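Colleague: Below are the structure tokens for one structure; questions will follow.
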Amino acid sequence: MIYFSVLSVFVFGQKALNYELTNDSDTLHYYKYEKPIVEKLNLLKPEGNSNFFRFSSDKYYLELSEISNKYLIYADEIWDNSKTGEVFIREIKLNESQVYKINKLIDSLKINDIPSDNRLKEWTFGFDGITYKLENKNGINYSYKHYWTPTSQNKFLESDKINIFVTEIDKIIDYKTNREKFVSEVPYFTWTRDGVAWSAVKILTAENYSEYRKYRKLKKKLIKSRK
């Protein structure tokens, strides 16, 4: 495999491990959009010592590594149509059976061999939809790829594999059930997530209206104190 762009990072004056980015990766997308989220969620970085595989989208961030196997769902609080800086994160640990099934799926579909979507001439793009990201760090080799809305693609080998992968991963990790639980636990009345064009709003009822009034009062105080 051919590699390019050897990157070095300096932390507190000390040189960290170098890593080589594969030539089917997309560096611009990673540094502009992905790195801030990775830092916010305290996920593994390619500059570190650990090998990892990460599969992510605006649904969740799934990480397999030598350190831990998990996925995270998160929500950014919205108040007065702006992010407050508050983030609610729910981490779900993956058991051995789930990790085994995911690794088997990665191998059977040869998922790490599929180039990023902008390197596939058949892959089409649009304005709405969901982008899935795949990262793989193995020794000094690191790849970062993304795939815009696989369900909107015509049927061809790579799109079929990504669609199967997305569907099967959701089943293995029981995403639907855990998402419903997450939504019920979000402590904010309005929230969103990086990279999406929607805001979720908790429905006001007679039961939670008094709670909302207290919450609104607290938010006004916090905003006032920051001015």
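By order of appearance in the structure tokens: chains A, B, ..., then residues from 1 within every chain, and ligands from 1 in the order shown.
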Which residues, written as number ranges by chain, have at least one atom at most 10 Å from A:Thr192, with only C-alpha atoms counted and residues fewer than 6 positions away on the same chain left out?
Modeller: A: 58, 74-78, 82-83, 87, 198-201
Colleague: Pick out the residues sitting within 12 Å of A:Lys35, and hand them over as a PyMOL selection string; count only C-alpha atoms, and ignore anything fewer than 6 positions along from it in its own chain.
Modeller: chain A and resi 27-29+41-47+135+144+194
Colleague: Only N, CA, C and O atoms, please: the residues just picked out, written as a PDB file, in the first residue's frame.
Modeller:
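Here's the written file result.pdb:
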ATOM      1  N   THR A  27      -7.753  14.223   4.536  1.00  0.00           N
ATOM      2  CA  THR A  27      -7.199  14.969   5.672  1.00  0.00           C
ATOM      3  C   THR A  27      -7.989  16.225   5.988  1.00  0.00           C
ATOM      4  O   THR A  27      -8.199  16.563   7.137  1.00  0.00           O
ATOM      5  N   LEU A  28      -8.438  16.941   4.961  1.00  0.00           N
ATOM      6  CA  LEU A  28      -9.124  18.209   5.165  1.00  0.00           C
ATOM      7  C   LEU A  28     -10.378  18.023   6.008  1.00  0.00           C
ATOM      8  O   LEU A  28     -10.634  18.775   6.951  1.00  0.00           O
ATOM      9  N   HIS A  29     -11.168  17.017   5.680  1.00  0.00           N
ATOM     10  CA  HIS A  29     -12.408  16.750   6.403  1.00  0.00           C
ATOM     11  C   HIS A  29     -12.111  16.423   7.870  1.00  0.00           C
ATOM     12  O   HIS A  29     -12.809  16.868   8.774  1.00  0.00           O
ATOM     13  N   LEU A  41     -15.209  14.606  22.871  1.00  0.00           N
ATOM     14  CA  LEU A  41     -15.664  13.325  23.415  1.00  0.00           C
ATOM     15  C   LEU A  41     -14.538  12.524  24.065  1.00  0.00           C
ATOM     16  O   LEU A  41     -14.769  11.424  24.561  1.00  0.00           O
ATOM     17  N   ASN A  42     -13.328  13.089  24.038  1.00  0.00           N
ATOM     18  CA  ASN A  42     -12.158  12.438  24.644  1.00  0.00           C
ATOM     19  C   ASN A  42     -11.911  11.055  24.041  1.00  0.00           C
ATOM     20  O   ASN A  42     -11.673  10.079  24.757  1.00  0.00           O
ATOM     21  N   LEU A  43     -11.950  10.991  22.712  1.00  0.00           N
ATOM     22  CA  LEU A  43     -11.708   9.742  22.005  1.00  0.00           C
ATOM     23  C   LEU A  43     -10.226   9.631  21.636  1.00  0.00           C
ATOM     24  O   LEU A  43      -9.467  10.580  21.792  1.00  0.00           O
ATOM     25  N   LEU A  44      -9.832   8.452  21.184  1.00  0.00           N
ATOM     26  CA  LEU A  44      -8.436   8.223  20.823  1.00  0.00           C
ATOM     27  C   LEU A  44      -8.047   9.038  19.592  1.00  0.00           C
ATOM     28  O   LEU A  44      -8.850   9.227  18.676  1.00  0.00           O
ATOM     29  N   LYS A  45      -6.798   9.498  19.584  1.00  0.00           N
ATOM     30  CA  LYS A  45      -6.293  10.297  18.481  1.00  0.00           C
ATOM     31  C   LYS A  45      -5.189   9.523  17.754  1.00  0.00           C
ATOM     32  O   LYS A  45      -4.467   8.741  18.369  1.00  0.00           O
ATOM     33  N   PRO A  46      -5.044   9.742  16.447  1.00  0.00           N
ATOM     34  CA  PRO A  46      -4.011   9.010  15.690  1.00  0.00           C
ATOM     35  C   PRO A  46      -2.596   9.326  16.156  1.00  0.00           C
ATOM     36  O   PRO A  46      -1.684   8.546  15.914  1.00  0.00           O
ATOM     37  N   GLU A  47      -2.410  10.460  16.839  1.00  0.00           N
ATOM     38  CA  GLU A  47      -1.079  10.802  17.339  1.00  0.00           C
ATOM     39  C   GLU A  47      -0.652   9.923  18.513  1.00  0.00           C
ATOM     40  O   GLU A  47       0.526   9.879  18.864  1.00  0.00           O
ATOM     41  N   GLU A 135     -12.381   5.245  10.536  1.00  0.00           N
ATOM     42  CA  GLU A 135     -10.983   5.507  10.854  1.00  0.00           C
ATOM     43  C   GLU A 135     -10.325   4.202  11.293  1.00  0.00           C
ATOM     44  O   GLU A 135     -10.944   3.387  11.979  1.00  0.00           O
ATOM     45  N   TYR A 144      -8.462   7.796   7.291  1.00  0.00           N
ATOM     46  CA  TYR A 144      -9.721   8.484   7.619  1.00  0.00           C
ATOM     47  C   TYR A 144     -10.534   8.622   6.336  1.00  0.00           C
ATOM     48  O   TYR A 144     -10.094   9.242   5.371  1.00  0.00           O
ATOM     49  N   ASP A 194     -23.287  18.025  16.682  1.00  0.00           N
ATOM     50  CA  ASP A 194     -22.394  18.554  15.648  1.00  0.00           C
ATOM     51  C   ASP A 194     -22.740  17.996  14.280  1.00  0.00           C
ATOM     52  O   ASP A 194     -22.997  16.810  14.117  1.00  0.00           O
TER      53      ASP A 194
END
Colleague: For the contact check between stretch 55-116 of chain A and stretch 163-172 of chain A, emit one row per residue of stretch 55-116 of chain A within 8 Å, containing the shortest atom pair and the distance in Å rounded to one decimal, counting only C-alpha atoms, chain then rising number order, as CSV.
Modeller:
residue,atom,partner,partner_atom,distance
A:Gln98,CA,A:Ile172,CA,6.1
A:Lys101,CA,A:Ile172,CA,7.3
A:Ile102,CA,A:Ile169,CA,6.8
A:Leu105,CA,A:Phe165,CA,7.2
A:Ile106,CA,A:Phe165,CA,7.8
A:Leu109,CA,A:Phe165,CA,7.8
Colleague: Do you know which residues are at most 12 Å from A:Phe88 counting only C-alpha atoms, after dropping those on the same chain fewer than 2 positions away, and could you put them as an MDAnalysis selection string?
Modeller: chainID A and resid 40:41 72:78 84:86 90:91 182:183 185:188 190:193
Colleague: Name all residues at most 7 Å from A:Leu94 (count only C-alpha atoms; drop same-chain ones fewer than 3 positions away) and give them as a VMD selection string.
Modeller: chain A and resid 69 to 70 98 to 99
Colleague: For N, CA, C and O atoms, I'd like the residues from the last selection saved as a short mmCIF file (atom, residue, chain, number, x, y, z; two decimals), in the first residue's frame.
Modeller:
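Contents of again05.cif, as written:
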data_model
loop_
_atom_site.label_atom_id
_atom_site.label_comp_id
_atom_site.auth_asym_id
_atom_site.auth_seq_id
_atom_site.Cartn_x
_atom_site.Cartn_y
_atom_site.Cartn_z
N ASN A 69 -13.67 -0.86 24.38
CA ASN A 69 -14.58 -1.01 23.25
C ASN A 69 -15.92 -0.43 23.66
O ASN A 69 -16.54 -0.89 24.63
N LYS A 70 -16.39 0.57 22.91
CA LYS A 70 -17.57 1.32 23.35
C LYS A 70 -18.16 2.11 22.19
O LYS A 70 -17.58 2.19 21.11
N GLN A 98 -20.24 -8.70 21.01
CA GLN A 98 -20.45 -7.59 20.08
C GLN A 98 -19.16 -7.21 19.36
O GLN A 98 -19.16 -6.99 18.15
N VAL A 99 -18.06 -7.17 20.11
CA VAL A 99 -16.76 -6.84 19.51
C VAL A 99 -16.36 -7.88 18.48
O VAL A 99 -15.88 -7.55 17.38
#
Colleague: As a PyMOL selection string, please: all residues of stretch 18-226 of chain A that backbone DSSP puts in strand (DSSP E or B).
Modeller: chain A and resi 19-22+52-56+61-65+69-79+82-93+131-138+141-148+190-192+200-201
Colleague: Between A:Thr124, A:Asn23, A:Asn112, A:Ser65, which one has atoms that come closest to A:Gly48, using only C-alpha atoms?
Modeller: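 Between A:Thr124, A:Asn23, A:Asn112, A:Ser65, the residue approaching A:Gly48 most closely is A:Ser65.
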Colleague: Nearest to A:Tyr61: which of A:Tyr132, A:Tyr31, A:Trp148, A:Phe156 is it, counting only C-alpha atoms?
Modeller: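 Looking only at the distances to A:Tyr61, the closest residue turns out to be A:Tyr132.
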Colleague: Which residue, A:Ser25, A:Thr149, A:Ser97, A:Asn51, has the smallest gap to A:Pro115 when you use only C-alpha atoms?
Modeller: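 Distance minimum relative to A:Pro115 lands on A:Ser25.
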Colleague: Between atom CA of A:Asn178 and atom CA of A:Glu63, what is the distance, to one decimal in Å?
Modeller: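 These atoms are spaced 16.1 Å apart.
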Colleague: Would you please give, as a PyMOL selection string, all residues of stretch 10-219 of chain A that DSSP assigns to helix (DSSP H, G or I) based on the backbone?
Modeller: chain A and resi 27-40+96-109+111-113+117-119+150-152+157-172+175-185+209-219
Colleague: Based on the selection just made, write C-alpha atoms of those residues as a PDB file, in the first residue's frame.
Modeller:
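Below is the file again16.pdb, written as the result:
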ATOM      1  CA  THR A  27      -7.199  14.969   5.672  1.00  0.00           C
ATOM      2  CA  LEU A  28      -9.124  18.209   5.165  1.00  0.00           C
ATOM      3  CA  HIS A  29     -12.408  16.750   6.403  1.00  0.00           C
ATOM      4  CA  TYR A  30     -10.721  15.255   9.480  1.00  0.00           C
ATOM      5  CA  TYR A  31      -9.000  18.413  10.675  1.00  0.00           C
ATOM      6  CA  LYS A  32     -11.869  20.777   9.853  1.00  0.00           C
ATOM      7  CA  TYR A  33     -14.830  18.763  11.136  1.00  0.00           C
ATOM      8  CA  GLU A  34     -13.804  15.637  12.967  1.00  0.00           C
ATOM      9  CA  LYS A  35     -10.885  16.531  15.243  1.00  0.00           C
ATOM     10  CA  PRO A  36     -12.875  19.027  17.405  1.00  0.00           C
ATOM     11  CA  ILE A  37     -15.511  16.342  18.080  1.00  0.00           C
ATOM     12  CA  VAL A  38     -12.873  13.715  18.898  1.00  0.00           C
ATOM     13  CA  GLU A  39     -11.367  16.109  21.436  1.00  0.00           C
ATOM     14  CA  LYS A  40     -14.753  16.986  22.932  1.00  0.00           C
ATOM     15  CA  GLU A  96     -16.987  -9.553  23.864  1.00  0.00           C
ATOM     16  CA  SER A  97     -19.677 -10.987  21.612  1.00  0.00           C
ATOM     17  CA  GLN A  98     -20.452  -7.588  20.084  1.00  0.00           C
ATOM     18  CA  VAL A  99     -16.763  -6.837  19.513  1.00  0.00           C
ATOM     19  CA  TYR A 100     -16.254 -10.226  17.872  1.00  0.00           C
ATOM     20  CA  LYS A 101     -19.234  -9.701  15.527  1.00  0.00           C
ATOM     21  CA  ILE A 102     -18.092  -6.218  14.539  1.00  0.00           C
ATOM     22  CA  ASN A 103     -14.540  -7.382  13.824  1.00  0.00           C
ATOM     23  CA  LYS A 104     -15.878 -10.311  11.806  1.00  0.00           C
ATOM     24  CA  LEU A 105     -18.041  -7.906   9.800  1.00  0.00           C
ATOM     25  CA  ILE A 106     -15.080  -5.600   9.139  1.00  0.00           C
ATOM     26  CA  ASP A 107     -13.033  -8.539   7.848  1.00  0.00           C
ATOM     27  CA  SER A 108     -15.767 -10.209   5.799  1.00  0.00           C
ATOM     28  CA  LEU A 109     -16.673  -6.980   3.978  1.00  0.00           C
ATOM     29  CA  ILE A 111     -14.320  -2.551   4.951  1.00  0.00           C
ATOM     30  CA  ASN A 112     -10.873  -1.008   5.463  1.00  0.00           C
ATOM     31  CA  ASP A 113     -10.038  -1.536   1.782  1.00  0.00           C
ATOM     32  CA  ASP A 117     -16.341   8.421  -1.212  1.00  0.00           C
ATOM     33  CA  ASN A 118     -14.602  11.291  -3.042  1.00  0.00           C
ATOM     34  CA  ARG A 119     -12.304   8.691  -4.625  1.00  0.00           C
ATOM     35  CA  PRO A 150     -25.021   5.290   1.344  1.00  0.00           C
ATOM     36  CA  THR A 151     -28.768   4.655   1.020  1.00  0.00           C
ATOM     37  CA  SER A 152     -28.991   7.337  -1.696  1.00  0.00           C
ATOM     38  CA  LEU A 157     -20.017  -3.040  -4.816  1.00  0.00           C
ATOM     39  CA  GLU A 158     -18.715  -0.332  -2.467  1.00  0.00           C
ATOM     40  CA  SER A 159     -22.102   1.233  -1.712  1.00  0.00           C
ATOM     41  CA  ASP A 160     -23.600  -2.205  -1.040  1.00  0.00           C
ATOM     42  CA  LYS A 161     -20.826  -3.021   1.430  1.00  0.00           C
ATOM     43  CA  ILE A 162     -21.179   0.276   3.302  1.00  0.00           C
ATOM     44  CA  ASN A 163     -24.972  -0.118   3.484  1.00  0.00           C
ATOM     45  CA  ILE A 164     -24.642  -3.648   4.859  1.00  0.00           C
ATOM     46  CA  PHE A 165     -22.044  -2.474   7.364  1.00  0.00           C
ATOM     47  CA  VAL A 166     -24.191   0.417   8.642  1.00  0.00           C
ATOM     48  CA  THR A 167     -27.289  -1.760   9.012  1.00  0.00           C
ATOM     49  CA  GLU A 168     -25.522  -4.637  10.730  1.00  0.00           C
ATOM     50  CA  ILE A 169     -23.574  -2.449  13.163  1.00  0.00           C
ATOM     51  CA  ASP A 170     -26.812  -0.787  14.318  1.00  0.00           C
ATOM     52  CA  LYS A 171     -28.271  -4.236  15.015  1.00  0.00           C
ATOM     53  CA  ILE A 172     -25.192  -5.596  16.804  1.00  0.00           C
ATOM     54  CA  TYR A 175     -28.640   1.227  18.682  1.00  0.00           C
ATOM     55  CA  LYS A 176     -32.403   1.765  18.480  1.00  0.00           C
ATOM     56  CA  THR A 177     -33.026   0.740  22.099  1.00  0.00           C
ATOM     57  CA  ASN A 178     -30.050   2.665  23.441  1.00  0.00           C
ATOM     58  CA  ARG A 179     -30.962   5.769  21.462  1.00  0.00           C
ATOM     59  CA  GLU A 180     -34.465   5.771  22.954  1.00  0.00           C
ATOM     60  CA  LYS A 181     -32.961   5.457  26.422  1.00  0.00           C
ATOM     61  CA  PHE A 182     -30.512   8.250  25.661  1.00  0.00           C
ATOM     62  CA  VAL A 183     -33.262  10.611  24.483  1.00  0.00           C
ATOM     63  CA  SER A 184     -35.207   9.977  27.689  1.00  0.00           C
ATOM     64  CA  GLU A 185     -32.104  10.845  29.749  1.00  0.00           C
ATOM     65  CA  TYR A 209     -43.849  22.642  32.981  1.00  0.00           C
ATOM     66  CA  SER A 210     -42.802  23.617  36.503  1.00  0.00           C
ATOM     67  CA  GLU A 211     -39.469  21.910  35.869  1.00  0.00           C
ATOM     68  CA  TYR A 212     -39.107  23.921  32.664  1.00  0.00           C
ATOM     69  CA  ARG A 213     -39.775  27.215  34.476  1.00  0.00           C
ATOM     70  CA  LYS A 214     -37.019  26.447  37.003  1.00  0.00           C
ATOM     71  CA  TYR A 215     -34.702  25.437  34.181  1.00  0.00           C
ATOM     72  CA  ARG A 216     -35.446  28.634  32.227  1.00  0.00           C
ATOM     73  CA  LYS A 217     -34.799  30.755  35.305  1.00  0.00           C
ATOM     74  CA  LEU A 218     -31.465  29.021  35.894  1.00  0.00           C
ATOM     75  CA  LYS A 219     -30.421  29.514  32.265  1.00  0.00           C
TER      76      LYS A 219
END
Colleague: For the atom pair atom CA of A:Ser56 and atom CA of A:Trp123, what is the interatomic distance in Å to one decimal place?
Modeller: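 Separation between atom CA of A:Ser56 and atom CA of A:Trp123: 19.0 Å.
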Colleague: Quick one: residues within 6 Å of A:Leu134, only C-alpha atoms, excluding same-chain residues fewer than 6 positions away - as a PDB file with N, CA and C atoms, in the first residue's frame?
Modeller:
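This is the output file around08.pdb:
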ATOM      1  N   ARG A  54     -12.521   3.214  14.358  1.00  0.00           N
ATOM      2  CA  ARG A  54     -13.655   4.053  14.760  1.00  0.00           C
ATOM      3  C   ARG A  54     -14.644   4.187  13.615  1.00  0.00           C
ATOM      4  N   PHE A  55     -15.919   4.022  13.953  1.00  0.00           N
ATOM      5  CA  PHE A  55     -17.015   4.164  13.002  1.00  0.00           C
ATOM      6  C   PHE A  55     -17.965   5.196  13.590  1.00  0.00           C
ATOM      7  N   TYR A 144      -8.462   7.796   7.291  1.00  0.00           N
ATOM      8  CA  TYR A 144      -9.721   8.484   7.619  1.00  0.00           C
ATOM      9  C   TYR A 144     -10.534   8.622   6.336  1.00  0.00           C
ATOM     10  N   LYS A 145     -11.723   8.023   6.325  1.00  0.00           N
ATOM     11  CA  LYS A 145     -12.564   8.028   5.137  1.00  0.00           C
ATOM     12  C   LYS A 145     -14.004   8.366   5.526  1.00  0.00           C
TER      13      LYS A 145
END
Colleague: Which is closer to A:Glu122 than all the others in A:Asn154, A:Ile140, A:Thr205, A:Asn95, using only C-alpha atoms?
Modeller: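 Ranked by minimum distance to A:Glu122, first place goes to A:Asn154.
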